[in-house]
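Trainee: Sharing a structure below in structure tokens format, with a few things to ask.
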Amino acid sequence: MAGSSSHHIRNICVFGGSSPEKEIEFLESANHLGQVLAKRKIHLVYEGDNLGLMGGVNSCIFRK
């Protein structure tokens with residue numbers, strides 16, 4: 001990428017369904033997103049529960 005920038009994403013807002021009846025592929029993708037955010041120390045901004053896709057994203061961030 002030419003002329004790389006010094007900007008780093010520090011926060012990201014994610015909206016996803018909290019219904020537990022989601023296909024496994026979507027849940028795996030949400031979980032992977034959470035892993036990437038946690039690894040890069042990107043703060044997750046969300047309003048949701050620990051269910052469904054939102055649970056898949058935030059489970060990696062809050063796991064110790």
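Each chain of the structure tokens is named A, B, ... in the order shown, its residues numbered from 1; ligands are numbered from 1 in display order.
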Could you pull the residues within 12 Å of Ile24 of chain A, counting only C-alpha atoms, minus those fewer than 5 positions along the same chain, as a list in words?
Mentor: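 Here the qualifying residues turn out to be Ser29, Ala30, Asn31, Gly52, Leu53 and Gly56 of chain A.
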Trainee: Mind dumping the selected residues with all heavy atoms as a PDB file, in the first residue's frame?
Mentor:
```pdb
ATOM      1  N   SER A  29     -17.656 -17.169  12.116  1.00  0.00           N
ATOM      2  CA  SER A  29     -17.125 -15.901  11.600  1.00  0.00           C
ATOM      3  C   SER A  29     -17.143 -14.817  12.662  1.00  0.00           C
ATOM      4  O   SER A  29     -16.191 -14.040  12.793  1.00  0.00           O
ATOM      5  CB  SER A  29     -17.928 -15.441  10.383  1.00  0.00           C
ATOM      6  OG  SER A  29     -17.758 -16.328   9.309  1.00  0.00           O
ATOM      7  N   ALA A  30     -18.220 -14.751  13.437  1.00  0.00           N
ATOM      8  CA  ALA A  30     -18.309 -13.771  14.520  1.00  0.00           C
ATOM      9  C   ALA A  30     -17.236 -14.036  15.571  1.00  0.00           C
ATOM     10  O   ALA A  30     -16.592 -13.113  16.071  1.00  0.00           O
ATOM     11  CB  ALA A  30     -19.699 -13.811  15.155  1.00  0.00           C
ATOM     12  N   ASN A  31     -17.008 -15.293  15.875  1.00  0.00           N
ATOM     13  CA  ASN A  31     -15.977 -15.669  16.834  1.00  0.00           C
ATOM     14  C   ASN A  31     -14.589 -15.286  16.323  1.00  0.00           C
ATOM     15  O   ASN A  31     -13.754 -14.768  17.063  1.00  0.00           O
ATOM     16  CB  ASN A  31     -16.053 -17.168  17.123  1.00  0.00           C
ATOM     17  CG  ASN A  31     -15.167 -17.578  18.252  1.00  0.00           C
ATOM     18  OD1 ASN A  31     -14.033 -17.984  18.019  1.00  0.00           O
ATOM     19  ND2 ASN A  31     -15.661 -17.478  19.466  1.00  0.00           N
ATOM     20  N   GLY A  52     -26.041 -15.399  20.475  1.00  0.00           N
ATOM     21  CA  GLY A  52     -25.990 -15.291  19.026  1.00  0.00           C
ATOM     22  C   GLY A  52     -24.678 -14.733  18.503  1.00  0.00           C
ATOM     23  O   GLY A  52     -23.606 -15.005  19.032  1.00  0.00           O
ATOM     24  N   LEU A  53     -24.768 -13.945  17.440  1.00  0.00           N
ATOM     25  CA  LEU A  53     -23.578 -13.409  16.803  1.00  0.00           C
ATOM     26  C   LEU A  53     -22.837 -12.439  17.708  1.00  0.00           C
ATOM     27  O   LEU A  53     -21.609 -12.414  17.724  1.00  0.00           O
ATOM     28  CB  LEU A  53     -23.948 -12.725  15.487  1.00  0.00           C
ATOM     29  CG  LEU A  53     -24.566 -13.634  14.427  1.00  0.00           C
ATOM     30  CD1 LEU A  53     -24.931 -12.820  13.186  1.00  0.00           C
ATOM     31  CD2 LEU A  53     -23.648 -14.778  14.069  1.00  0.00           C
ATOM     32  N   GLY A  56     -20.781 -14.357  19.957  1.00  0.00           N
ATOM     33  CA  GLY A  56     -19.624 -14.912  19.269  1.00  0.00           C
ATOM     34  C   GLY A  56     -18.495 -13.906  19.144  1.00  0.00           C
ATOM     35  O   GLY A  56     -17.329 -14.255  19.254  1.00  0.00           O
TER      36      GLY A  56
END
```
Trainee: So that I can check the surroundings of Cys13 of chain A, please list as a PyMOL selection string every protein, DNA and RNA residue that reaches within 9 Å of it, counting only C-alpha atoms and ignoring chain neighbours fewer than 2 positions away.
Mentor: chain A and resi 11+15+43-47
Trainee: Emit the selected residues as a compact mmCIF listing (two decimals), in the first residue's frame, including C-alpha atoms.
Mentor:
```txt
# COMPACT_ATOMS: atom_id res chain seq x y z
CA ASN A 11 -12.49 1.21 18.51
CA PHE A 15 -24.00 -4.89 15.37
CA HIS A 43 -12.00 -1.95 21.70
CA LEU A 44 -15.40 -3.41 20.85
CA VAL A 45 -18.37 -1.06 21.12
CA TYR A 46 -21.65 -2.93 21.03
CA GLU A 47 -25.07 -3.11 22.53
```
Trainee: Apply DSSP to the structure's backbone, then extract all residues of segment 8-59 of chain A labelled strand (DSSP E or B) and return them as a list in words.
Mentor: Asn11, Ile12, Cys13, His43, Leu44 and Val45 of chain A
Trainee: Save out the residues we just selected, N, CA and C atoms, as a compact mmCIF listing (two decimals), in the first residue's frame.
Mentor:
```txt
# COMPACT_ATOMS: atom_id res chain seq x y z
N ASN A 11 -11.14 1.60 18.12
CA ASN A 11 -12.49 1.21 18.51
C ASN A 11 -13.26 0.81 17.26
N ILE A 12 -14.14 -0.15 17.43
CA ILE A 12 -15.01 -0.55 16.33
C ILE A 12 -16.38 -0.89 16.90
N CYS A 13 -17.41 -0.47 16.19
CA CYS A 13 -18.78 -0.77 16.60
C CYS A 13 -19.28 -1.94 15.74
N HIS A 43 -10.89 -2.01 20.76
CA HIS A 43 -12.00 -1.95 21.70
C HIS A 43 -13.30 -2.17 20.95
N LEU A 44 -14.11 -3.09 21.45
CA LEU A 44 -15.40 -3.41 20.85
C LEU A 44 -16.49 -2.57 21.50
N VAL A 45 -17.22 -1.84 20.67
CA VAL A 45 -18.37 -1.06 21.12
C VAL A 45 -19.60 -1.77 20.59
```
